[in-house]
file final-v4.txt (compact mmCIF, C-alpha atoms (C1' of nucleotides))
# COMPACT_ATOMS: atom_id res chain seq x y z
CA MET A 1 -63.43 49.28 -38.71
CA SER A 2 -60.23 50.74 -37.31
CA PRO A 3 -57.20 48.51 -36.94
CA GLU A 4 -57.60 48.58 -33.18
CA ALA A 5 -61.20 47.52 -33.42
CA VAL A 6 -60.12 44.57 -35.53
CA GLU A 7 -57.49 43.64 -32.99
CA ASN A 8 -59.80 43.97 -30.06
CA ASP A 9 -62.16 41.52 -31.67
CA TYR A 10 -59.72 38.71 -31.02
CA ARG A 11 -61.19 36.16 -28.64
CA LEU A 12 -58.75 33.59 -27.38
CA GLN A 13 -61.48 31.20 -26.21
CA GLY A 14 -62.84 30.90 -29.72
CA GLN A 15 -59.56 30.04 -31.41
CA ILE A 16 -59.18 26.51 -32.66
CA GLY A 17 -55.86 26.07 -30.88
CA PHE A 18 -57.33 26.99 -27.54
CA VAL A 19 -60.37 24.73 -27.79
CA LEU A 20 -58.23 21.88 -29.02
CA ARG A 21 -56.06 22.19 -25.96
CA LYS A 22 -59.04 22.34 -23.63
CA ALA A 23 -60.77 19.40 -25.25
CA ASN A 24 -57.59 17.44 -24.90
CA GLN A 25 -57.41 18.35 -21.24
CA ARG A 26 -60.88 17.06 -20.57
CA HIS A 27 -60.22 13.89 -22.48
CA LEU A 28 -57.07 13.28 -20.50
CA ALA A 29 -58.95 13.75 -17.24
CA ILE A 30 -61.56 11.21 -18.32
CA PHE A 31 -58.90 8.82 -19.54
CA SER A 32 -57.00 9.01 -16.26
CA SER A 33 -60.12 8.40 -14.23
CA HIS A 34 -60.70 5.10 -16.04
CA ILE A 35 -57.17 3.95 -16.75
CA VAL A 36 -54.61 4.55 -14.07
CA ASP A 37 -51.87 2.22 -15.22
CA LEU A 38 -51.24 3.73 -18.64
CA THR A 39 -51.00 7.15 -20.21
CA PRO A 40 -52.79 7.75 -23.53
CA PRO A 41 -49.55 7.51 -25.53
CA GLN A 42 -48.67 4.25 -23.78
CA PHE A 43 -52.13 2.92 -24.48
CA ALA A 44 -51.84 3.93 -28.14
CA ALA A 45 -48.53 2.11 -28.44
CA LEU A 46 -49.88 -1.10 -26.96
CA ALA A 47 -53.09 -0.93 -28.98
CA LYS A 48 -51.17 -0.47 -32.20
CA LEU A 49 -48.74 -3.25 -31.41
CA ARG A 50 -51.73 -5.49 -30.84
CA ASP A 51 -52.90 -4.64 -34.36
CA VAL A 52 -49.68 -4.94 -36.26
CA GLY A 53 -47.63 -7.44 -34.27
CA GLU A 54 -43.91 -6.77 -34.34
CA THR A 55 -42.53 -3.50 -35.73
CA SER A 56 -39.53 -1.30 -35.37
CA GLN A 57 -39.62 1.51 -32.87
CA ASN A 58 -39.61 4.25 -35.49
CA GLN A 59 -42.22 2.54 -37.60
CA LEU A 60 -44.48 2.26 -34.60
CA GLY A 61 -43.95 5.95 -34.01
CA GLY A 62 -45.17 6.63 -37.50
CA LEU A 63 -48.29 4.60 -36.92
CA ILE A 64 -49.26 6.44 -33.77
CA ALA A 65 -47.99 9.87 -34.75
CA MET A 66 -45.03 10.16 -32.43
CA ASP A 67 -41.61 11.38 -33.39
CA ALA A 68 -38.55 9.23 -32.76
CA ALA A 69 -37.51 10.93 -29.54
CA THR A 70 -40.96 10.69 -28.02
CA VAL A 71 -41.67 7.10 -28.99
CA LYS A 72 -38.36 6.03 -27.51
CA GLY A 73 -39.34 7.28 -24.09
CA VAL A 74 -42.76 5.69 -24.27
CA ILE A 75 -41.40 2.33 -25.39
CA ASP A 76 -38.60 2.35 -22.84
CA ARG A 77 -41.07 2.83 -20.02
CA LEU A 78 -43.32 0.07 -21.35
CA ALA A 79 -40.30 -2.22 -21.68
CA ALA A 80 -39.18 -1.44 -18.14
CA ARG A 81 -42.56 -2.65 -16.96
CA GLY A 82 -42.40 -5.81 -19.01
CA LEU A 83 -45.31 -4.90 -21.27
CA VAL A 84 -43.25 -4.91 -24.46
CA GLN A 85 -40.14 -6.75 -25.48
CA LEU A 86 -37.25 -5.27 -27.46
CA ALA A 87 -34.84 -7.00 -29.80
CA LYS A 88 -32.35 -5.95 -32.46
CA HIS A 89 -33.43 -6.80 -36.00
CA GLU A 90 -31.27 -9.68 -37.18
CA VAL A 91 -30.68 -8.40 -40.69
CA ASP A 92 -30.92 -4.65 -40.36
CA LYS A 93 -28.92 -3.94 -37.27
CA ARG A 94 -30.13 -0.37 -37.02
CA ARG A 95 -33.67 -1.37 -36.21
CA LEU A 96 -35.04 -2.05 -32.76
CA MET A 97 -37.98 -4.40 -32.99
CA VAL A 98 -40.84 -4.07 -30.51
CA ARG A 99 -43.54 -6.58 -29.65
CA LEU A 100 -46.07 -7.15 -26.92
CA THR A 101 -45.22 -9.53 -24.12
CA GLY A 102 -47.90 -11.87 -22.82
CA GLU A 103 -48.48 -9.45 -20.01
CA GLY A 104 -48.75 -6.52 -22.39
CA ARG A 105 -51.15 -8.45 -24.57
CA GLN A 106 -53.31 -9.29 -21.61
CA MET A 107 -53.37 -5.71 -20.40
CA ILE A 108 -54.34 -4.18 -23.72
CA ASP A 109 -57.04 -6.80 -24.33
CA GLN A 110 -58.47 -5.93 -20.99
CA LEU A 111 -58.32 -2.18 -21.56
CA VAL A 112 -59.79 -1.88 -25.03
CA PRO A 113 -63.36 -2.08 -23.71
CA VAL A 114 -62.48 0.56 -21.15
CA ALA A 115 -61.17 2.76 -23.94
CA ARG A 116 -64.55 2.52 -25.58
CA THR A 117 -66.10 3.85 -22.41
CA ILE A 118 -63.61 6.70 -22.34
CA THR A 119 -64.45 7.68 -25.88
CA GLU A 120 -68.14 7.56 -25.09
CA GLU A 121 -67.79 9.66 -21.97
CA THR A 122 -65.64 12.22 -23.74
CA LEU A 123 -68.25 12.58 -26.45
CA SER A 124 -71.22 12.36 -24.08
CA PRO A 125 -72.11 16.07 -24.37
CA LEU A 126 -72.85 15.45 -28.06
CA SER A 127 -75.48 13.51 -29.95
CA ALA A 128 -74.25 10.44 -31.80
CA LYS A 129 -74.49 12.34 -35.04
CA ASP A 130 -72.57 15.35 -33.73
CA ALA A 131 -69.95 13.06 -32.26
CA ALA A 132 -69.41 11.46 -35.64
CA THR A 133 -69.24 14.88 -37.27
CA LEU A 134 -66.68 16.06 -34.76
CA VAL A 135 -64.38 13.11 -35.30
CA ALA A 136 -64.72 13.47 -39.07
CA LEU A 137 -63.91 17.18 -39.02
CA LEU A 138 -60.99 16.67 -36.68
CA SER A 139 -59.62 13.99 -38.97
CA LYS A 140 -59.71 16.45 -41.82
CA ILE A 141 -57.52 18.95 -40.04
CA SER A 142 -55.10 16.32 -38.70
CA MET B 1 -70.65 -11.11 -32.48
CA SER B 2 -68.06 -12.85 -30.34
CA PRO B 3 -66.20 -10.90 -27.70
CA GLU B 4 -63.04 -11.07 -29.76
CA ALA B 5 -64.80 -9.68 -32.80
CA VAL B 6 -65.95 -6.76 -30.71
CA GLU B 7 -62.44 -6.16 -29.49
CA ASN B 8 -60.91 -6.42 -32.90
CA ASP B 9 -63.20 -3.72 -34.11
CA TYR B 10 -61.32 -1.14 -32.08
CA ARG B 11 -59.67 1.39 -34.34
CA LEU B 12 -57.23 3.67 -32.64
CA GLN B 13 -57.21 6.20 -35.46
CA GLY B 14 -60.93 6.80 -35.07
CA GLN B 15 -60.87 7.47 -31.33
CA ILE B 16 -61.52 11.02 -30.26
CA GLY B 17 -58.41 11.09 -28.11
CA PHE B 18 -56.18 10.14 -30.96
CA VAL B 19 -57.59 12.65 -33.47
CA LEU B 20 -57.48 15.37 -30.86
CA ARG B 21 -53.81 14.73 -30.34
CA LYS B 22 -53.09 14.70 -34.05
CA ALA B 23 -55.06 17.86 -34.72
CA ASN B 24 -53.15 19.53 -31.93
CA GLN B 25 -49.89 18.43 -33.49
CA ARG B 26 -50.76 19.95 -36.82
CA HIS B 27 -51.90 23.15 -35.20
CA LEU B 28 -48.66 23.41 -33.27
CA ALA B 29 -46.65 22.94 -36.44
CA ILE B 30 -48.58 25.72 -38.16
CA PHE B 31 -48.26 27.94 -35.11
CA SER B 32 -44.51 27.44 -34.92
CA SER B 33 -44.06 28.20 -38.59
CA HIS B 34 -45.66 31.60 -38.11
CA ILE B 35 -44.60 32.52 -34.59
CA VAL B 36 -41.11 31.58 -33.57
CA ASP B 37 -40.73 33.74 -30.49
CA LEU B 38 -43.60 32.34 -28.45
CA THR B 39 -45.17 28.99 -27.72
CA PRO B 40 -48.97 28.70 -27.82
CA PRO B 41 -49.27 28.78 -24.01
CA GLN B 42 -47.06 31.85 -23.86
CA PHE B 43 -49.14 33.50 -26.53
CA ALA B 44 -52.33 32.65 -24.67
CA ALA B 45 -50.96 34.19 -21.49
CA LEU B 46 -50.00 37.45 -23.21
CA ALA B 47 -53.27 37.62 -25.14
CA LYS B 48 -55.30 37.16 -21.99
CA LEU B 49 -53.27 39.70 -20.04
CA ARG B 50 -53.94 42.15 -22.83
CA ASP B 51 -57.66 41.58 -22.32
CA VAL B 52 -57.86 41.71 -18.57
CA GLY B 53 -55.00 43.91 -17.54
CA GLU B 54 -53.43 42.94 -14.25
CA THR B 55 -54.31 39.64 -12.54
CA SER B 56 -52.82 37.17 -10.16
CA GLN B 57 -50.86 34.28 -11.54
CA ASN B 58 -53.40 31.66 -10.48
CA GLN B 59 -56.32 33.69 -11.73
CA LEU B 60 -54.64 34.02 -15.08
CA GLY B 61 -54.17 30.27 -15.09
CA GLY B 62 -57.88 29.85 -14.61
CA LEU B 63 -58.61 32.12 -17.55
CA ILE B 64 -56.40 30.22 -19.94
CA ALA B 65 -56.97 26.74 -18.53
CA MET B 66 -53.60 26.10 -16.98
CA ASP B 67 -53.01 24.63 -13.57
CA ALA B 68 -50.90 26.48 -11.03
CA ALA B 69 -47.72 24.53 -11.66
CA THR B 70 -47.90 25.00 -15.40
CA VAL B 71 -48.79 28.67 -15.40
CA LYS B 72 -45.88 29.39 -13.09
CA GLY B 73 -43.38 28.05 -15.58
CA VAL B 74 -44.96 29.94 -18.46
CA ILE B 75 -45.07 33.23 -16.56
CA ASP B 76 -41.53 32.85 -15.23
CA ARG B 77 -40.18 32.45 -18.73
CA LEU B 78 -42.15 35.45 -19.97
CA ALA B 79 -40.90 37.49 -17.02
CA ALA B 80 -37.31 36.45 -17.67
CA ARG B 81 -37.69 37.88 -21.16
CA GLY B 82 -39.19 41.12 -19.91
CA LEU B 83 -42.58 40.56 -21.52
CA VAL B 84 -44.48 40.54 -18.24
CA GLN B 85 -43.85 42.16 -14.91
CA LEU B 86 -44.43 40.55 -11.51
CA ALA B 87 -45.30 42.17 -8.21
CA LYS B 88 -46.64 41.06 -4.84
CA HIS B 89 -50.18 42.18 -4.15
CA GLU B 90 -50.05 44.89 -1.53
CA VAL B 91 -53.02 43.75 0.48
CA ASP B 92 -53.18 40.01 -0.07
CA LYS B 93 -49.57 38.98 0.28
CA ARG B 94 -50.20 35.52 -1.11
CA ARG B 95 -50.94 36.78 -4.57
CA LEU B 96 -48.43 37.42 -7.31
CA MET B 97 -49.75 40.01 -9.71
CA VAL B 98 -48.86 39.81 -13.38
CA ARG B 99 -49.09 42.49 -16.04
CA LEU B 100 -47.75 43.15 -19.52
CA THR B 101 -44.69 45.29 -19.90
CA GLY B 102 -44.53 47.78 -22.75
CA GLU B 103 -42.50 45.30 -24.67
CA GLY B 104 -44.98 42.52 -23.99
CA ARG B 105 -47.84 44.74 -25.03
CA GLN B 106 -46.11 45.62 -28.25
CA MET B 107 -45.36 42.00 -29.03
CA ILE B 108 -48.86 40.72 -28.46
CA ASP B 109 -50.42 43.58 -30.45
CA GLN B 110 -48.16 42.66 -33.28
CA LEU B 111 -48.90 38.96 -33.09
CA VAL B 112 -52.68 38.95 -32.84
CA PRO B 113 -53.10 39.38 -36.59
CA VAL B 114 -50.64 36.54 -37.13
CA ALA B 115 -52.70 34.39 -34.79
CA ARG B 116 -55.66 34.99 -37.04
CA THR B 117 -53.66 33.62 -39.94
CA ILE B 118 -52.70 30.59 -37.91
CA THR B 119 -56.32 29.85 -37.08
CA GLU B 120 -57.26 30.23 -40.72
CA GLU B 121 -54.51 27.97 -41.94
CA THR B 122 -55.32 25.34 -39.35
CA LEU B 123 -58.94 25.32 -40.46
CA SER B 124 -58.16 25.68 -44.16
CA PRO B 125 -59.12 22.08 -45.01
CA LEU B 126 -62.67 22.93 -43.96
CA SER B 127 -65.37 25.17 -45.34
CA ALA B 128 -66.21 28.22 -43.25
CA LYS B 129 -69.36 26.51 -42.09
CA ASP B 130 -67.59 23.30 -41.13
CA ALA B 131 -64.91 25.28 -39.35
CA ALA B 132 -67.53 27.01 -37.24
CA THR B 133 -69.20 23.66 -36.54
CA LEU B 134 -65.90 22.16 -35.46
CA VAL B 135 -65.12 24.93 -33.02
CA ALA B 136 -68.65 24.79 -31.63
CA LEU B 137 -68.54 21.02 -31.11
CA LEU B 138 -65.09 21.19 -29.56
CA SER B 139 -66.29 23.86 -27.16
CA LYS B 140 -69.08 21.54 -26.06
CA ILE B 141 -66.69 18.78 -25.05
CA SER B 142 -64.20 21.13 -23.39
C1' DC C 1 -59.93 35.40 19.62
C1' DA C 2 -58.12 30.73 18.30
C1' DA C 3 -58.57 26.76 15.49
C1' DA C 4 -59.92 24.97 11.23
C1' DA C 5 -60.51 25.50 6.48
C1' DC C 6 -59.25 27.60 2.43
C1' DT C 7 -56.43 30.01 -1.13
C1' DC C 8 -52.13 31.22 -3.51
C1' DA C 9 -47.84 30.10 -4.89
C1' DT C 10 -43.92 27.07 -5.07
C1' DT C 11 -41.48 22.82 -5.64
C1' DC C 12 -40.72 18.00 -6.99
C1' DG C 13 -41.32 14.09 -9.85
C1' DC C 14 -42.79 12.09 -13.87
C1' DA C 15 -44.39 11.87 -18.77
C1' DT C 16 -45.01 13.74 -23.14
C1' DG C 17 -43.41 16.41 -27.29
C1' DC C 18 -40.28 18.37 -30.53
C1' DA C 19 -35.79 20.35 -32.59
C1' DA C 20 -31.22 19.47 -33.34
C1' DA C 21 -26.99 16.97 -33.18
C1' DT C 22 -24.69 12.44 -33.29
C1' DG C 23 -23.35 7.67 -34.31
C1' DA C 24 -24.23 3.38 -36.53
C1' DT C 25 -25.76 0.95 -40.34
C1' DA C 26 -27.76 0.30 -45.03
C1' DG C 27 -28.51 1.41 -49.73
C1' DC C 28 -27.36 3.68 -53.88
C1' DT C 29 -24.37 5.28 -57.52
C1' DC C 30 -20.62 6.07 -60.19
C1' DG D 1 -15.76 -1.10 -54.08
C1' DA D 2 -15.62 3.83 -52.33
C1' DG D 3 -18.26 7.64 -51.47
C1' DC D 4 -22.60 9.85 -50.89
C1' DT D 5 -26.96 9.64 -49.07
C1' DA D 6 -30.66 7.96 -46.40
C1' DT D 7 -32.56 5.64 -42.39
C1' DC D 8 -32.79 4.21 -37.48
C1' DA D 9 -31.96 5.05 -32.98
C1' DT D 10 -30.13 7.77 -29.25
C1' DT D 11 -29.14 11.82 -26.60
C1' DT D 12 -29.58 16.59 -25.07
C1' DG D 13 -32.11 20.68 -24.17
C1' DC D 14 -36.16 23.08 -23.60
C1' DA D 15 -41.25 23.71 -22.75
C1' DT D 16 -45.56 22.15 -21.42
C1' DG D 17 -48.80 19.54 -18.28
C1' DC D 18 -50.44 17.46 -14.14
C1' DG D 19 -50.52 15.17 -9.33
C1' DA D 20 -49.03 15.67 -4.87
C1' DA D 21 -46.81 17.81 -1.07
C1' DT D 22 -45.49 22.10 1.32
C1' DG D 23 -45.42 26.73 3.26
C1' DA D 24 -47.29 31.24 3.78
C1' DG D 25 -51.09 34.02 4.27
C1' DT D 26 -56.32 34.78 4.64
C1' DT D 27 -60.95 33.76 5.85
C1' DT D 28 -64.37 31.40 8.23
C1' DT D 29 -66.27 29.55 12.34
C1' DG D 30 -67.12 27.93 16.72

call {"tool": "encode", "arguments": {"input": "final-v4.txt", "output": "structure tokens"}}
result
Amino acid sequence: MSPEAVENDYRLQGQIGFVLRKANQRHLAIFSSHIVDLTPPQFAALAKLRDVGETSQNQLGGLIAMDAATVKGVIDRLAARGLVQLAKHEVDKRRLMVRLTGEGRQMIDQLVPVARTITEETLSPLSAKDAATLVALLSKIS
Amino acid sequence: MSPEAVENDYRLQGQIGFVLRKANQRHLAIFSSHIVDLTPPQFAALAKLRDVGETSQNQLGGLIAMDAATVKGVIDRLAARGLVQLAKHEVDKRRLMVRLTGEGRQMIDQLVPVARTITEETLSPLSAKDAATLVALLSKIS
DNA sequence: CAAAACTCATTCGCATGCAAATGATAGCTC
DNA sequence: GAGCTATCATTTGCATGCGAATGAGTTTTG
């Protein structure tokens, strides 16, 4: 095969990066149709806080795979809405501790079942077995 | 199982939305380490223009799954760098036609092989068979 | 043909997402 | 204990990404 033939064989639509982006797009659309009040990152933050209780902002970022700059924005917006509460760590004055408020707790408890629906709908084109395979393979390349 | 037990069973890390986001993150990191000059959306735009020749901005957006507002920003930045060329359609005055410049053509030709490497590296934790399965399953939920 | 409906592009506002630089604090090490 | 290093948070700058509103131009339809 000539070099040009090799090059011409490149199909954008089959590249992993492209399909990842498209799959993400569809998931976001489904998410938004079920949950209007929160974005996926905001939901992830609340869900994780519900699991772990109080943590520092950066630590939370680590748990939900967000860098410091990104998590700050997310947390600030949640705090502005009264869903999380912020407080300086008493000993280590660098750390900004985050915890759910009662309102935040109530909202996330309410939304977790909805999140299940979102996951189901996103994976609905696949059999249960294929869905499990997909999540497993994605985890491996994460 | 009590309702609370059901709720407590929710694991963020296993949700399709979360793994999609993380996989995307890793892919972006790999992409950036190989291609510094372009972002993935910019690359997609150039690669698609190389395939189809001249198209309108919106049409291009449709081909690479970008909405009108997003594609405009991407194209404007490519145009500012002289990688694409813009011109009003002579008949239909609404349309803004986009095409590669010589420079853009040269850049994308050069980068397509690199993109292959990026795809490979992203999928390197998987066997060839699993990689193909992953892309196929992702396509189904896109 | 004139009005309605549609398409294309643009703009605005908001929310990620990340790199890089900065300041404050903590911990380590000699 | 002073200095070096590491960590935490913040800020800035840039690039997606999408919803919604707007304006210009085109097509359809009554």

call {"tool": "atom_distance", "arguments": {"input": "final-v4.txt", "atom1": "atom C1' of DT27 of chain D", "atom2": "atom CA of Asp92 of chain B"}}
result
11.6 Å

call {"tool": "residues_around", "arguments": {"input": "final-v4.txt", "residues": "Lys88 of chain A", "least_positions_apart": "4", "cutoff": "12 Å", "atoms": "all atoms listed in the file", "output": "CSV table (one decimal) with C-alpha atoms (C1' of nucleotides), in the frame of the given file"}}
result
chain,number,residue,atom,x,y,z
A,54,GLU,CA,-43.9,-6.8,-34.3
A,55,THR,CA,-42.5,-3.5,-35.7
A,56,SER,CA,-39.5,-1.3,-35.4
A,57,GLN,CA,-39.6,1.5,-32.9
A,92,ASP,CA,-30.9,-4.6,-40.4
A,93,LYS,CA,-28.9,-3.9,-37.3
A,94,ARG,CA,-30.1,-0.4,-37.0
A,95,ARG,CA,-33.7,-1.4,-36.2
A,96,LEU,CA,-35.0,-2.0,-32.8
A,97,MET,CA,-38.0,-4.4,-33.0
A,98,VAL,CA,-40.8,-4.1,-30.5
A,99,ARG,CA,-43.5,-6.6,-29.6
D,8,DC,C1',-32.8,4.2,-37.5
D,9,DA,C1',-32.0,5.0,-33.0

call {"tool": "residues_near_point", "arguments": {"input": "final-v4.txt", "point": "(-42.9, 30.2, -27.1)", "cutoff": "12 Å", "atoms": "all atoms listed in the file", "output": "number ranges by chain"}}
result
B: 28, 31-46, 73-75, 77-78, 81, 83; D: 14-16

call {"tool": "closest_atom_pairs", "arguments": {"input": "final-v4.txt", "of": "chain C", "to": "chain A", "cutoff": "9 Å", "atoms": "only C-alpha atoms (C1' of nucleotides)", "output": "JSON lines"}}
result
{"residue": "C:DA15", "atom": "C1'", "partner": "A:Thr39", "partner_atom": "CA", "distance": 8.2}
{"residue": "C:DT16", "atom": "C1'", "partner": "A:Thr70", "partner_atom": "CA", "distance": 7.0}
{"residue": "C:DG17", "atom": "C1'", "partner": "A:Thr70", "partner_atom": "CA", "distance": 6.3}
{"residue": "C:DC18", "atom": "C1'", "partner": "A:Asp67", "partner_atom": "CA", "distance": 7.7}
{"residue": "C:DA24", "atom": "C1'", "partner": "A:Arg94", "partner_atom": "CA", "distance": 7.0}
{"residue": "C:DT25", "atom": "C1'", "partner": "A:Arg94", "partner_atom": "CA", "distance": 5.6}
{"residue": "C:DA26", "atom": "C1'", "partner": "A:Asp92", "partner_atom": "CA", "distance": 7.5}

call {"tool": "residues_near_point", "arguments": {"input": "final-v4.txt", "point": "(-57.4, 27.1, 15.5)", "cutoff": "12 Å", "atoms": "only C-alpha atoms (C1' of nucleotides)", "output": "list of chain:residue names"}}
result
C:DC1, C:DA2, C:DA3, C:DA4, C:DA5, D:DT28, D:DT29, D:DG30

call {"tool": "atom_distance", "arguments": {"input": "final-v4.txt", "atom1": "atom CA of Ile141 of chain A", "atom2": "atom CA of Asn24 of chain B"}}
result
9.2 Å

call {"tool": "closest_atom_pairs", "arguments": {"input": "final-v4.txt", "of": "chain B", "to": "chain A", "cutoff": "7 Å", "atoms": "only C-alpha atoms", "output": "tab-separated table"}}
result
residue	atom	partner	partner_atom	distance
B:Glu7	CA	A:Val112	CA	6.7
B:Gln15	CA	A:Thr119	CA	6.5
B:Ile16	CA	A:Val135	CA	6.2
B:Gly17	CA	A:His27	CA	6.5
B:Val19	CA	A:Ser139	CA	6.0
B:Leu20	CA	A:Asn24	CA	6.3
B:Lys22	CA	A:Ser142	CA	5.3
B:Ala23	CA	A:Ser142	CA	4.3
B:Asn24	CA	A:Leu20	CA	6.3
B:Arg26	CA	A:Ser142	CA	6.0
B:His27	CA	A:Gly17	CA	6.5
B:Val112	CA	A:Glu7	CA	6.7
B:Thr119	CA	A:Ile16	CA	6.2
B:Thr122	CA	A:Ile141	CA	6.8
B:Leu123	CA	A:Ile141	CA	6.5
B:Pro125	CA	A:Ile141	CA	6.1
B:Leu134	CA	A:Leu134	CA	6.2
B:Val135	CA	A:Ile16	CA	6.2
B:Leu137	CA	A:Leu134	CA	6.4
B:Leu138	CA	A:Val19	CA	6.2
B:Ser139	CA	A:Val19	CA	6.0
B:Lys140	CA	A:Pro125	CA	6.5
B:Ile141	CA	A:Ala23	CA	6.0
B:Ser142	CA	A:Ala23	CA	4.3

call {"tool": "interface_residues", "arguments": {"input": "final-v4.txt", "of": "chain D", "to": "chain A", "cutoff": "12 Å", "atoms": "all atoms listed in the file", "output": "PyMOL selection string"}}
result
chain D and resi 7-12+16-19

call {"tool": "atom_distance", "arguments": {"input": "final-v4.txt", "atom1": "atom CA of Thr101 of chain A", "atom2": "atom CA of Val84 of chain A"}}
result
5.0 Å

call {"tool": "residues_around", "arguments": {"input": "final-v4.txt", "residues": "DC30 of chain C", "least_positions_apart": "3", "cutoff": "12 Å", "atoms": "only C-alpha atoms (C1' of nucleotides)", "output": "ChimeraX atom specification"}}
result
/D:1-4
